[in-house]
$ cat structure.cif   # mmCIF, N, CA and C atoms
data_final
loop_
_atom_site.label_atom_id
_atom_site.label_comp_id
_atom_site.auth_asym_id
_atom_site.auth_seq_id
_atom_site.Cartn_x
_atom_site.Cartn_y
_atom_site.Cartn_z
N CYS F 1 -10.85 3.07 -114.13
CA CYS F 1 -11.10 1.71 -114.60
C CYS F 1 -10.53 0.72 -113.59
N ASN F 2 -10.92 -0.52 -113.71
CA ASN F 2 -10.44 -1.54 -112.78
C ASN F 2 -8.94 -1.76 -112.91
N VAL F 3 -8.44 -1.73 -114.13
CA VAL F 3 -7.02 -1.99 -114.38
C VAL F 3 -6.16 -0.87 -113.79
N GLY F 4 -6.55 0.37 -114.00
CA GLY F 4 -5.74 1.50 -113.56
C GLY F 4 -6.11 2.06 -112.20
N SER F 5 -7.11 1.48 -111.53
CA SER F 5 -7.62 2.08 -110.30
C SER F 5 -6.57 2.18 -109.19
N LYS F 6 -5.68 1.24 -109.10
CA LYS F 6 -4.67 1.28 -108.05
C LYS F 6 -3.66 2.41 -108.27
N LYS F 7 -3.51 2.84 -109.53
CA LYS F 7 -2.58 3.93 -109.86
C LYS F 7 -3.33 5.24 -110.13
N ASN F 8 -4.67 5.20 -110.01
CA ASN F 8 -5.52 6.36 -110.27
C ASN F 8 -5.34 6.88 -111.70
N ILE F 9 -5.36 5.95 -112.65
CA ILE F 9 -5.24 6.29 -114.07
C ILE F 9 -6.29 5.51 -114.86
N TRP F 10 -6.46 5.90 -116.10
CA TRP F 10 -7.27 5.13 -117.06
C TRP F 10 -6.29 4.30 -117.86
N CYS F 11 -6.51 3.00 -117.96
CA CYS F 11 -5.58 2.15 -118.71
C CYS F 11 -5.69 2.40 -120.21
N GLY F 12 -6.88 2.79 -120.69
CA GLY F 12 -7.09 3.07 -122.11
C GLY F 12 -7.19 1.83 -122.98
N ALA F 13 -7.33 0.66 -122.35
CA ALA F 13 -7.37 -0.58 -123.13
C ALA F 13 -8.47 -1.54 -122.70
N CYS F 14 -9.33 -1.13 -121.79
CA CYS F 14 -10.38 -2.03 -121.29
C CYS F 14 -11.76 -1.52 -121.69
N PRO F 15 -12.79 -2.38 -121.58
CA PRO F 15 -14.15 -1.97 -121.93
C PRO F 15 -14.66 -0.79 -121.10
N LYS F 16 -14.29 -0.72 -119.83
CA LYS F 16 -14.77 0.38 -119.00
C LYS F 16 -14.18 1.71 -119.46
N CYS F 17 -12.90 1.71 -119.80
CA CYS F 17 -12.28 2.92 -120.34
C CYS F 17 -12.96 3.32 -121.65
N LEU F 18 -13.18 2.34 -122.51
CA LEU F 18 -13.80 2.63 -123.80
C LEU F 18 -15.21 3.18 -123.62
N PHE F 19 -15.99 2.55 -122.75
CA PHE F 19 -17.35 3.05 -122.50
C PHE F 19 -17.31 4.48 -121.97
N THR F 20 -16.45 4.74 -121.01
CA THR F 20 -16.36 6.08 -120.42
C THR F 20 -15.97 7.09 -121.48
N PHE F 21 -15.03 6.72 -122.33
CA PHE F 21 -14.60 7.59 -123.43
C PHE F 21 -15.77 7.88 -124.36
N ILE F 22 -16.50 6.84 -124.73
CA ILE F 22 -17.65 6.99 -125.64
C ILE F 22 -18.71 7.90 -125.04
N ILE F 23 -19.08 7.65 -123.79
CA ILE F 23 -20.23 8.34 -123.20
C ILE F 23 -19.93 9.80 -122.88
N LEU F 24 -18.66 10.13 -122.59
CA LEU F 24 -18.31 11.51 -122.26
C LEU F 24 -17.87 12.33 -123.47
N HIS F 25 -17.42 11.68 -124.51
CA HIS F 25 -16.86 12.37 -125.68
C HIS F 25 -17.77 13.45 -126.25
N PRO F 26 -19.06 13.19 -126.46
CA PRO F 26 -19.90 14.23 -127.07
C PRO F 26 -20.06 15.47 -126.19
N PHE F 27 -19.82 15.33 -124.90
CA PHE F 27 -20.04 16.43 -123.97
C PHE F 27 -18.75 17.14 -123.57
N ILE F 28 -17.64 16.44 -123.66
CA ILE F 28 -16.36 17.01 -123.25
C ILE F 28 -15.50 17.38 -124.46
N GLY F 29 -15.61 16.61 -125.54
CA GLY F 29 -14.86 16.91 -126.75
C GLY F 29 -13.59 16.08 -126.89
N ALA F 30 -13.14 15.99 -128.12
CA ALA F 30 -12.02 15.11 -128.48
C ALA F 30 -10.73 15.48 -127.77
N GLU F 31 -10.38 16.75 -127.76
CA GLU F 31 -9.09 17.15 -127.20
C GLU F 31 -9.01 16.90 -125.70
N LYS F 32 -10.07 17.23 -124.98
CA LYS F 32 -10.06 17.00 -123.53
C LYS F 32 -10.06 15.50 -123.23
N MET F 33 -10.78 14.72 -124.02
CA MET F 33 -10.79 13.26 -123.79
C MET F 33 -9.40 12.67 -124.03
N LYS F 34 -8.72 13.15 -125.06
CA LYS F 34 -7.35 12.68 -125.31
C LYS F 34 -6.44 13.04 -124.15
N ALA F 35 -6.63 14.21 -123.59
CA ALA F 35 -5.81 14.63 -122.45
C ALA F 35 -6.08 13.75 -121.22
N ILE F 36 -7.32 13.41 -121.00
CA ILE F 36 -7.68 12.58 -119.85
C ILE F 36 -7.14 11.15 -120.01
N PHE F 37 -7.30 10.58 -121.20
CA PHE F 37 -6.94 9.18 -121.43
C PHE F 37 -5.54 8.99 -121.99
N GLY F 38 -4.89 10.06 -122.39
CA GLY F 38 -3.54 9.96 -122.93
C GLY F 38 -3.48 9.55 -124.38
N LYS F 39 -4.64 9.33 -124.99
CA LYS F 39 -4.72 8.98 -126.40
C LYS F 39 -6.18 9.06 -126.84
N ASP F 40 -6.38 8.96 -128.14
CA ASP F 40 -7.73 8.93 -128.71
C ASP F 40 -8.15 7.46 -128.79
N LEU F 41 -9.02 7.04 -127.89
CA LEU F 41 -9.45 5.65 -127.90
C LEU F 41 -10.20 5.30 -129.18
N PHE F 42 -10.84 6.28 -129.82
CA PHE F 42 -11.53 6.02 -131.09
C PHE F 42 -10.55 5.66 -132.20
N ALA F 43 -9.29 5.98 -132.04
CA ALA F 43 -8.28 5.68 -133.06
C ALA F 43 -7.59 4.34 -132.81
N ASP F 44 -7.95 3.64 -131.76
CA ASP F 44 -7.28 2.39 -131.36
C ASP F 44 -8.01 1.17 -131.92
N ALA F 45 -7.50 0.63 -133.02
CA ALA F 45 -8.12 -0.54 -133.66
C ALA F 45 -8.13 -1.77 -132.77
N ALA F 46 -7.24 -1.84 -131.79
CA ALA F 46 -7.19 -2.98 -130.87
C ALA F 46 -8.44 -3.05 -130.00
N LEU F 47 -9.21 -1.98 -129.92
CA LEU F 47 -10.43 -1.95 -129.11
C LEU F 47 -11.68 -2.35 -129.89
N LEU F 48 -11.51 -2.77 -131.13
CA LEU F 48 -12.68 -3.04 -131.98
C LEU F 48 -13.63 -4.07 -131.39
N ASP F 49 -13.15 -5.18 -130.89
CA ASP F 49 -14.05 -6.21 -130.34
C ASP F 49 -14.87 -5.67 -129.17
N ASP F 50 -14.23 -4.96 -128.26
CA ASP F 50 -14.96 -4.36 -127.14
C ASP F 50 -15.94 -3.30 -127.65
N PHE F 51 -15.53 -2.52 -128.64
CA PHE F 51 -16.36 -1.49 -129.24
C PHE F 51 -17.64 -2.10 -129.81
N ILE F 52 -17.49 -3.18 -130.56
CA ILE F 52 -18.66 -3.86 -131.13
C ILE F 52 -19.56 -4.39 -130.02
N GLY F 53 -18.96 -4.95 -128.98
CA GLY F 53 -19.74 -5.45 -127.84
C GLY F 53 -20.54 -4.37 -127.14
N LEU F 54 -20.01 -3.16 -127.13
CA LEU F 54 -20.73 -2.05 -126.51
C LEU F 54 -21.84 -1.49 -127.39
N ALA F 55 -21.66 -1.54 -128.70
CA ALA F 55 -22.59 -0.90 -129.63
C ALA F 55 -23.64 -1.83 -130.22
N ASP F 56 -23.34 -3.11 -130.33
CA ASP F 56 -24.21 -4.04 -131.06
C ASP F 56 -25.02 -4.91 -130.11
N PRO F 57 -26.35 -4.70 -130.03
CA PRO F 57 -27.17 -5.50 -129.12
C PRO F 57 -27.22 -6.99 -129.48
N GLU F 58 -26.75 -7.33 -130.67
CA GLU F 58 -26.70 -8.73 -131.07
C GLU F 58 -25.45 -9.44 -130.52
N LYS F 59 -24.53 -8.68 -129.98
CA LYS F 59 -23.29 -9.24 -129.44
C LYS F 59 -23.35 -9.27 -127.92
N ILE F 60 -22.41 -9.93 -127.32
CA ILE F 60 -22.35 -9.99 -125.86
C ILE F 60 -21.63 -8.75 -125.35
N LYS F 61 -22.30 -8.02 -124.47
CA LYS F 61 -21.73 -6.81 -123.90
C LYS F 61 -20.58 -7.19 -122.98
N PRO F 62 -19.50 -6.41 -122.97
CA PRO F 62 -18.39 -6.69 -122.06
C PRO F 62 -18.87 -6.76 -120.61
N PHE F 63 -18.24 -7.64 -119.85
CA PHE F 63 -18.61 -7.84 -118.45
C PHE F 63 -17.93 -6.77 -117.60
N GLU F 64 -18.44 -5.58 -117.68
CA GLU F 64 -17.92 -4.43 -116.95
C GLU F 64 -19.12 -3.56 -116.58
N CYS F 65 -18.89 -2.54 -115.81
CA CYS F 65 -19.93 -1.57 -115.51
C CYS F 65 -20.01 -0.59 -116.68
N VAL F 66 -20.89 -0.88 -117.60
CA VAL F 66 -21.05 -0.05 -118.78
C VAL F 66 -22.53 0.23 -118.98
N GLY F 67 -22.83 1.21 -119.80
CA GLY F 67 -24.21 1.62 -120.03
C GLY F 67 -24.95 0.72 -121.00
N THR F 68 -26.12 1.20 -121.38
CA THR F 68 -26.98 0.44 -122.29
C THR F 68 -26.52 0.62 -123.73
N TYR F 69 -27.01 -0.24 -124.60
CA TYR F 69 -26.70 -0.12 -126.03
C TYR F 69 -27.22 1.22 -126.56
N ASP F 70 -28.43 1.61 -126.15
CA ASP F 70 -28.99 2.88 -126.63
C ASP F 70 -28.13 4.06 -126.20
N GLU F 71 -27.64 4.04 -124.96
CA GLU F 71 -26.79 5.14 -124.50
C GLU F 71 -25.50 5.22 -125.32
N VAL F 72 -24.90 4.07 -125.56
CA VAL F 72 -23.66 4.02 -126.34
C VAL F 72 -23.91 4.51 -127.76
N ASN F 73 -24.96 4.00 -128.39
CA ASN F 73 -25.24 4.39 -129.78
C ASN F 73 -25.58 5.87 -129.89
N TYR F 74 -26.31 6.41 -128.95
CA TYR F 74 -26.61 7.84 -128.96
C TYR F 74 -25.32 8.64 -128.87
N ALA F 75 -24.45 8.29 -127.93
CA ALA F 75 -23.20 9.02 -127.74
C ALA F 75 -22.30 8.91 -128.98
N LEU F 76 -22.26 7.74 -129.59
CA LEU F 76 -21.43 7.57 -130.79
C LEU F 76 -21.95 8.44 -131.93
N ARG F 77 -23.24 8.50 -132.10
CA ARG F 77 -23.81 9.33 -133.17
C ARG F 77 -23.55 10.81 -132.93
N LYS F 78 -23.63 11.22 -131.66
CA LYS F 78 -23.34 12.61 -131.33
C LYS F 78 -21.86 12.92 -131.57
N SER F 79 -20.98 11.98 -131.28
CA SER F 79 -19.55 12.19 -131.53
C SER F 79 -19.28 12.32 -133.02
N ILE F 80 -19.91 11.46 -133.81
CA ILE F 80 -19.73 11.52 -135.27
C ILE F 80 -20.20 12.88 -135.79
N GLU F 81 -21.32 13.39 -135.29
CA GLU F 81 -21.82 14.70 -135.71
C GLU F 81 -20.78 15.79 -135.45
N GLN F 82 -20.06 15.69 -134.36
CA GLN F 82 -19.08 16.72 -134.01
C GLN F 82 -17.91 16.79 -134.99
N TYR F 83 -17.62 15.69 -135.65
CA TYR F 83 -16.51 15.68 -136.61
C TYR F 83 -16.90 16.36 -137.92
N GLY F 84 -18.19 16.50 -138.16
CA GLY F 84 -18.64 17.14 -139.40
C GLY F 84 -18.04 16.45 -140.61
N GLU F 85 -17.39 17.21 -141.47
CA GLU F 85 -16.78 16.68 -142.69
C GLU F 85 -15.34 16.19 -142.46
N ASN F 86 -14.82 16.35 -141.24
CA ASN F 86 -13.46 15.89 -140.94
C ASN F 86 -13.38 14.38 -140.93
N GLU F 87 -12.20 13.86 -141.17
CA GLU F 87 -12.00 12.41 -141.17
C GLU F 87 -12.28 11.84 -139.79
N LEU F 88 -13.00 10.74 -139.76
CA LEU F 88 -13.33 10.08 -138.50
C LEU F 88 -12.20 9.16 -138.07
N PRO F 89 -11.96 9.08 -136.75
CA PRO F 89 -11.01 8.08 -136.28
C PRO F 89 -11.56 6.67 -136.53
N TYR F 90 -10.69 5.68 -136.47
CA TYR F 90 -10.99 4.30 -136.89
C TYR F 90 -12.32 3.77 -136.35
N LEU F 91 -12.54 3.80 -135.03
CA LEU F 91 -13.75 3.18 -134.47
C LEU F 91 -15.02 3.93 -134.88
N LEU F 92 -14.95 5.24 -134.97
CA LEU F 92 -16.14 5.99 -135.42
C LEU F 92 -16.42 5.74 -136.90
N ALA F 93 -15.38 5.63 -137.71
CA ALA F 93 -15.58 5.29 -139.13
C ALA F 93 -16.19 3.90 -139.25
N TYR F 94 -15.71 2.96 -138.44
CA TYR F 94 -16.28 1.61 -138.44
C TYR F 94 -17.76 1.67 -138.06
N TYR F 95 -18.07 2.42 -137.02
CA TYR F 95 -19.44 2.56 -136.56
C TYR F 95 -20.33 3.14 -137.67
N LYS F 96 -19.85 4.21 -138.27
CA LYS F 96 -20.65 4.87 -139.31
C LYS F 96 -20.94 3.91 -140.46
N GLU F 97 -19.97 3.10 -140.82
CA GLU F 97 -20.15 2.15 -141.92
C GLU F 97 -21.06 0.98 -141.54
N HIS F 98 -21.00 0.50 -140.31
CA HIS F 98 -21.71 -0.73 -139.93
C HIS F 98 -22.97 -0.55 -139.08
N PHE F 99 -23.10 0.58 -138.39
CA PHE F 99 -24.20 0.71 -137.43
C PHE F 99 -25.07 1.94 -137.61
N ALA F 100 -24.55 3.01 -138.15
CA ALA F 100 -25.24 4.30 -138.10
C ALA F 100 -26.58 4.31 -138.82
N ALA F 101 -26.83 3.38 -139.71
CA ALA F 101 -28.10 3.36 -140.43
C ALA F 101 -29.23 2.75 -139.60
N ALA F 102 -28.89 2.02 -138.54
CA ALA F 102 -29.92 1.39 -137.71
C ALA F 102 -30.70 2.46 -136.97
N PRO F 103 -32.02 2.29 -136.88
CA PRO F 103 -32.83 3.29 -136.18
C PRO F 103 -32.49 3.33 -134.69
N LEU F 104 -32.61 4.51 -134.12
CA LEU F 104 -32.34 4.69 -132.70
C LEU F 104 -33.38 5.65 -132.14
N ASP F 105 -34.12 5.21 -131.12
CA ASP F 105 -35.10 6.06 -130.46
C ASP F 105 -34.46 6.60 -129.19
N ALA F 106 -33.94 7.81 -129.28
CA ALA F 106 -33.24 8.40 -128.14
C ALA F 106 -34.18 9.03 -127.12
N THR F 107 -35.47 9.13 -127.43
CA THR F 107 -36.37 9.81 -126.50
C THR F 107 -36.44 9.09 -125.15
N ALA F 108 -36.37 7.77 -125.16
CA ALA F 108 -36.43 7.02 -123.90
C ALA F 108 -35.21 7.29 -123.03
N LEU F 109 -34.10 7.65 -123.64
CA LEU F 109 -32.89 7.94 -122.87
C LEU F 109 -33.07 9.15 -121.97
N PHE F 110 -33.94 10.05 -122.38
CA PHE F 110 -34.09 11.31 -121.67
C PHE F 110 -35.45 11.44 -121.00
N ALA F 111 -36.13 10.34 -120.80
CA ALA F 111 -37.43 10.39 -120.13
C ALA F 111 -37.21 10.62 -118.63
N LEU F 112 -37.84 11.62 -118.12
CA LEU F 112 -37.76 11.92 -116.68
C LEU F 112 -39.11 11.61 -116.06
N ASP F 113 -39.10 10.64 -115.17
CA ASP F 113 -40.35 10.29 -114.51
C ASP F 113 -40.23 10.60 -113.01
N SER F 114 -41.25 10.26 -112.28
CA SER F 114 -41.26 10.57 -110.85
C SER F 114 -40.46 9.57 -110.02
N GLY F 115 -39.90 8.54 -110.64
CA GLY F 115 -39.16 7.51 -109.90
C GLY F 115 -37.70 7.84 -109.70
N HIS F 116 -37.37 9.10 -109.49
CA HIS F 116 -35.98 9.50 -109.30
C HIS F 116 -35.79 10.00 -107.87
N ASN F 117 -34.55 10.14 -107.48
CA ASN F 117 -34.23 10.65 -106.15
C ASN F 117 -33.40 11.93 -106.22
N LEU F 118 -33.55 12.66 -107.29
CA LEU F 118 -32.78 13.89 -107.46
C LEU F 118 -33.38 15.01 -106.61
N PRO F 119 -32.53 15.76 -105.93
CA PRO F 119 -33.04 16.97 -105.27
C PRO F 119 -33.62 17.91 -106.32
N GLU F 120 -34.63 18.66 -105.96
CA GLU F 120 -35.36 19.51 -106.90
C GLU F 120 -34.47 20.44 -107.73
N PRO F 121 -33.47 21.10 -107.14
CA PRO F 121 -32.64 21.99 -107.98
C PRO F 121 -31.90 21.24 -109.09
N PHE F 122 -31.42 20.02 -108.79
CA PHE F 122 -30.72 19.23 -109.81
C PHE F 122 -31.71 18.71 -110.85
N TYR F 123 -32.89 18.32 -110.41
CA TYR F 123 -33.91 17.85 -111.33
C TYR F 123 -34.27 18.95 -112.32
N LYS F 124 -34.42 20.19 -111.84
CA LYS F 124 -34.76 21.30 -112.72
C LYS F 124 -33.67 21.53 -113.78
N VAL F 125 -32.42 21.50 -113.38
CA VAL F 125 -31.31 21.68 -114.34
C VAL F 125 -31.35 20.58 -115.38
N LEU F 126 -31.51 19.34 -114.94
CA LEU F 126 -31.54 18.20 -115.86
C LEU F 126 -32.75 18.30 -116.78
N LYS F 127 -33.91 18.61 -116.23
CA LYS F 127 -35.12 18.71 -117.04
C LYS F 127 -34.99 19.80 -118.10
N ASP F 128 -34.45 20.95 -117.71
CA ASP F 128 -34.25 22.04 -118.68
C ASP F 128 -33.34 21.59 -119.82
N HIS F 129 -32.30 20.87 -119.48
CA HIS F 129 -31.36 20.38 -120.51
C HIS F 129 -32.04 19.37 -121.43
N VAL F 130 -32.77 18.44 -120.86
CA VAL F 130 -33.46 17.42 -121.65
C VAL F 130 -34.50 18.06 -122.55
N ASP F 131 -35.22 19.04 -122.03
CA ASP F 131 -36.22 19.73 -122.85
C ASP F 131 -35.58 20.38 -124.07
N ARG F 132 -34.37 20.90 -123.91
CA ARG F 132 -33.67 21.52 -125.06
C ARG F 132 -33.24 20.45 -126.08
N LEU F 133 -32.95 19.23 -125.61
CA LEU F 133 -32.55 18.15 -126.52
C LEU F 133 -33.73 17.65 -127.35
N ASN F 134 -34.91 17.65 -126.77
CA ASN F 134 -36.08 17.12 -127.45
C ASN F 134 -36.70 18.15 -128.28
#
$ encode --input "structure.cif" --output "structure tokens"
Amino acid sequence: CNVGSKKNIWCGACPKCLFTFIILHPFIGAEKMKAIFGKDLFADAALLDDFIGLADPEKIKPFECVGTYDEVNYALRKSIEQYGENELPYLLAYYKEHFAAAPLDATALFALDSGHNLPEPFYKVLKDHVDRLN
């Protein structure tokens, strides 16, 4: 993140940290994310305003290098699925209560067209993975 870059750490309190935590969580898992960031960012109520800015297209997105609303919402829903019947941390519980009912078309997130610059071996790996998701 910008705040921790000089020390080569994640500050755990900025929009970029929160976005990175959100987008990687479904693929890396809660325990590894806590180890990387030093805490569970989903449990940090102080991040609520930035969290809403990342998830709600009606709000102003934080002025950081962060992904799209669809990417964030997809990742949040996948993270919630991983908790199953277990209690959700604060930000995921907030999301489930306020946002999870809104429709989300995730197919566009995984559309692979010819306008990419991926070498063929990487494209094949990505395409195989996307095909399994759809």
$ residues_around --input "structure.cif" --residues "F:Gly38" --least-positions-apart "4" --cutoff "9 Å" --atoms "only C-alpha atoms" --output "PDB file with N, CA and C atoms, in the frame of the given file"
ATOM      1  N   TRP F  10      -6.460   5.900-116.100  1.00  0.00           N
ATOM      2  CA  TRP F  10      -7.270   5.130-117.060  1.00  0.00           C
ATOM      3  C   TRP F  10      -6.290   4.300-117.860  1.00  0.00           C
ATOM      4  N   GLY F  12      -6.880   2.790-120.690  1.00  0.00           N
ATOM      5  CA  GLY F  12      -7.090   3.070-122.110  1.00  0.00           C
ATOM      6  C   GLY F  12      -7.190   1.830-122.980  1.00  0.00           C
ATOM      7  N   MET F  33     -10.780  14.720-124.020  1.00  0.00           N
ATOM      8  CA  MET F  33     -10.790  13.260-123.790  1.00  0.00           C
ATOM      9  C   MET F  33      -9.400  12.670-124.030  1.00  0.00           C
ATOM     10  N   LYS F  34      -8.720  13.150-125.060  1.00  0.00           N
ATOM     11  CA  LYS F  34      -7.350  12.680-125.310  1.00  0.00           C
ATOM     12  C   LYS F  34      -6.440  13.040-124.150  1.00  0.00           C
TER      13      LYS F  34
END
$ resolve_selection --input "structure.cif" --expression "the PyMOL selection byres (((chain F and resi 71 and name CA) around 10) and name CA)" --output "PyMOL selection string"
chain F and resi 19+22-23+54-55+66-70+72-76+104+106+108-110
$ atom_distance --input "structure.cif" --atom1 "atom N of F:Phe21" --atom2 "atom CA of F:Lys124"
26.3 Å
$ select_by_dssp --input "structure.cif" --residues "stretch 10-124 of chain F" --states "helix (DSSP H, G or I)" --output "PyMOL selection string"
chain F and resi 15-28+30-37+41-43+45-55+69-83+90-98+106-110+120-124
$ resolve_selection --input "structure.cif" --expression "the PyMOL selection byres (((chain F and resi 80 and name CA) around 10) and name CA)" --output "ChimeraX atom specification"
/F:26,75-79,81-89,92-93,95-96,100
$ atom_distance --input "structure.cif" --atom1 "atom CA of F:Pro15" --atom2 "atom CA of F:Glu58"
16.9 Å
$ atom_distance --input "structure.cif" --atom1 "atom CA of F:Tyr90" --atom2 "atom C of F:Lys6"
29.6 Å
$ resolve_selection --input "structure.cif" --expression "the PyMOL selection byres (((chain F and resi 42 and name CA) around 6) and name CA)" --output "number ranges by chain"
F: 40-41, 43-44, 89, 91
$ closest_residue --input "structure.cif" --among "F:Phe99, F:Glu31, F:Cys11, F:Ser5" --to "F:Phe51" --atoms "only C-alpha atoms"
F:Phe99
$ decode --input "structure.cif" --residues "stretch 94-102 of chain F" --atoms "all heavy atoms" --output "mmCIF file, in the first residue's frame"
data_model
loop_
_atom_site.group_PDB
_atom_site.id
_atom_site.type_symbol
_atom_site.label_atom_id
_atom_site.label_comp_id
_atom_site.auth_asym_id
_atom_site.auth_seq_id
_atom_site.Cartn_x
_atom_site.Cartn_y
_atom_site.Cartn_z
ATOM 1 N N TYR F 94 -22.094 -6.780 7.562
ATOM 2 C CA TYR F 94 -22.687 -5.540 7.055
ATOM 3 C C TYR F 94 -23.044 -5.702 5.577
ATOM 4 O O TYR F 94 -24.135 -5.343 5.144
ATOM 5 C CB TYR F 94 -21.711 -4.370 7.245
ATOM 6 C CG TYR F 94 -22.284 -3.057 6.795
ATOM 7 C CD1 TYR F 94 -22.959 -2.230 7.687
ATOM 8 C CD2 TYR F 94 -22.175 -2.641 5.470
ATOM 9 C CE1 TYR F 94 -23.507 -1.017 7.276
ATOM 10 C CE2 TYR F 94 -22.717 -1.440 5.043
ATOM 11 C CZ TYR F 94 -23.383 -0.633 5.949
ATOM 12 O OH TYR F 94 -23.926 0.554 5.529
ATOM 13 N N TYR F 95 -22.121 -6.255 4.808
ATOM 14 C CA TYR F 95 -22.350 -6.463 3.384
ATOM 15 C C TYR F 95 -23.557 -7.376 3.151
ATOM 16 O O TYR F 95 -24.423 -7.079 2.337
ATOM 17 C CB TYR F 95 -21.113 -7.063 2.718
ATOM 18 C CG TYR F 95 -21.291 -7.255 1.243
ATOM 19 C CD1 TYR F 95 -21.047 -6.214 0.362
ATOM 20 C CD2 TYR F 95 -21.735 -8.463 0.724
ATOM 21 C CE1 TYR F 95 -21.236 -6.369 -0.999
ATOM 22 C CE2 TYR F 95 -21.923 -8.637 -0.639
ATOM 23 C CZ TYR F 95 -21.673 -7.582 -1.486
ATOM 24 O OH TYR F 95 -21.877 -7.733 -2.837
ATOM 25 N N LYS F 96 -23.588 -8.475 3.869
ATOM 26 C CA LYS F 96 -24.684 -9.429 3.690
ATOM 27 C C LYS F 96 -26.031 -8.775 3.980
ATOM 28 O O LYS F 96 -27.010 -9.011 3.269
ATOM 29 C CB LYS F 96 -24.472 -10.645 4.586
ATOM 30 C CG LYS F 96 -25.467 -11.750 4.342
ATOM 31 C CD LYS F 96 -25.142 -12.986 5.148
ATOM 32 C CE LYS F 96 -26.126 -14.096 4.853
ATOM 33 N NZ LYS F 96 -25.818 -15.307 5.620
ATOM 34 N N GLU F 97 -26.072 -7.942 4.997
ATOM 35 C CA GLU F 97 -27.320 -7.274 5.366
ATOM 36 C C GLU F 97 -27.718 -6.183 4.378
ATOM 37 O O GLU F 97 -28.900 -6.009 4.076
ATOM 38 C CB GLU F 97 -27.188 -6.663 6.757
ATOM 39 C CG GLU F 97 -28.464 -5.990 7.234
ATOM 40 C CD GLU F 97 -28.329 -5.401 8.626
ATOM 41 O OE1 GLU F 97 -27.472 -5.860 9.403
ATOM 42 O OE2 GLU F 97 -29.093 -4.464 8.927
ATOM 43 N N HIS F 98 -26.761 -5.448 3.823
ATOM 44 C CA HIS F 98 -27.074 -4.262 3.012
ATOM 45 C C HIS F 98 -26.898 -4.424 1.503
ATOM 46 O O HIS F 98 -27.464 -3.649 0.743
ATOM 47 C CB HIS F 98 -26.228 -3.081 3.477
ATOM 48 C CG HIS F 98 -26.567 -2.627 4.850
ATOM 49 N ND1 HIS F 98 -25.920 -3.106 5.972
ATOM 50 C CD2 HIS F 98 -27.499 -1.765 5.295
ATOM 51 C CE1 HIS F 98 -26.426 -2.546 7.038
ATOM 52 N NE2 HIS F 98 -27.393 -1.726 6.668
ATOM 53 N N PHE F 99 -26.094 -5.386 1.058
ATOM 54 C CA PHE F 99 -25.769 -5.451 -0.365
ATOM 55 C C PHE F 99 -26.024 -6.789 -1.032
ATOM 56 O O PHE F 99 -26.188 -6.851 -2.244
ATOM 57 C CB PHE F 99 -24.277 -5.122 -0.593
ATOM 58 C CG PHE F 99 -23.907 -3.713 -0.261
ATOM 59 C CD1 PHE F 99 -23.247 -3.436 0.924
ATOM 60 C CD2 PHE F 99 -24.196 -2.672 -1.117
ATOM 61 C CE1 PHE F 99 -22.887 -2.145 1.245
ATOM 62 C CE2 PHE F 99 -23.844 -1.380 -0.810
ATOM 63 C CZ PHE F 99 -23.185 -1.114 0.377
ATOM 64 N N ALA F 100 -25.984 -7.873 -0.308
ATOM 65 C CA ALA F 100 -25.951 -9.200 -0.917
ATOM 66 C C ALA F 100 -27.188 -9.530 -1.740
ATOM 67 O O ALA F 100 -27.129 -10.402 -2.600
ATOM 68 C CB ALA F 100 -25.720 -10.268 0.151
ATOM 69 N N ALA F 101 -28.285 -8.848 -1.533
ATOM 70 C CA ALA F 101 -29.497 -9.139 -2.294
ATOM 71 C C ALA F 101 -29.468 -8.520 -3.695
ATOM 72 O O ALA F 101 -30.225 -8.934 -4.565
ATOM 73 C CB ALA F 101 -30.732 -8.648 -1.536
ATOM 74 N N ALA F 102 -28.592 -7.546 -3.912
ATOM 75 C CA ALA F 102 -28.525 -6.890 -5.223
ATOM 76 C C ALA F 102 -28.000 -7.867 -6.260
ATOM 77 O O ALA F 102 -27.089 -8.644 -5.988
ATOM 78 C CB ALA F 102 -27.611 -5.669 -5.141
#
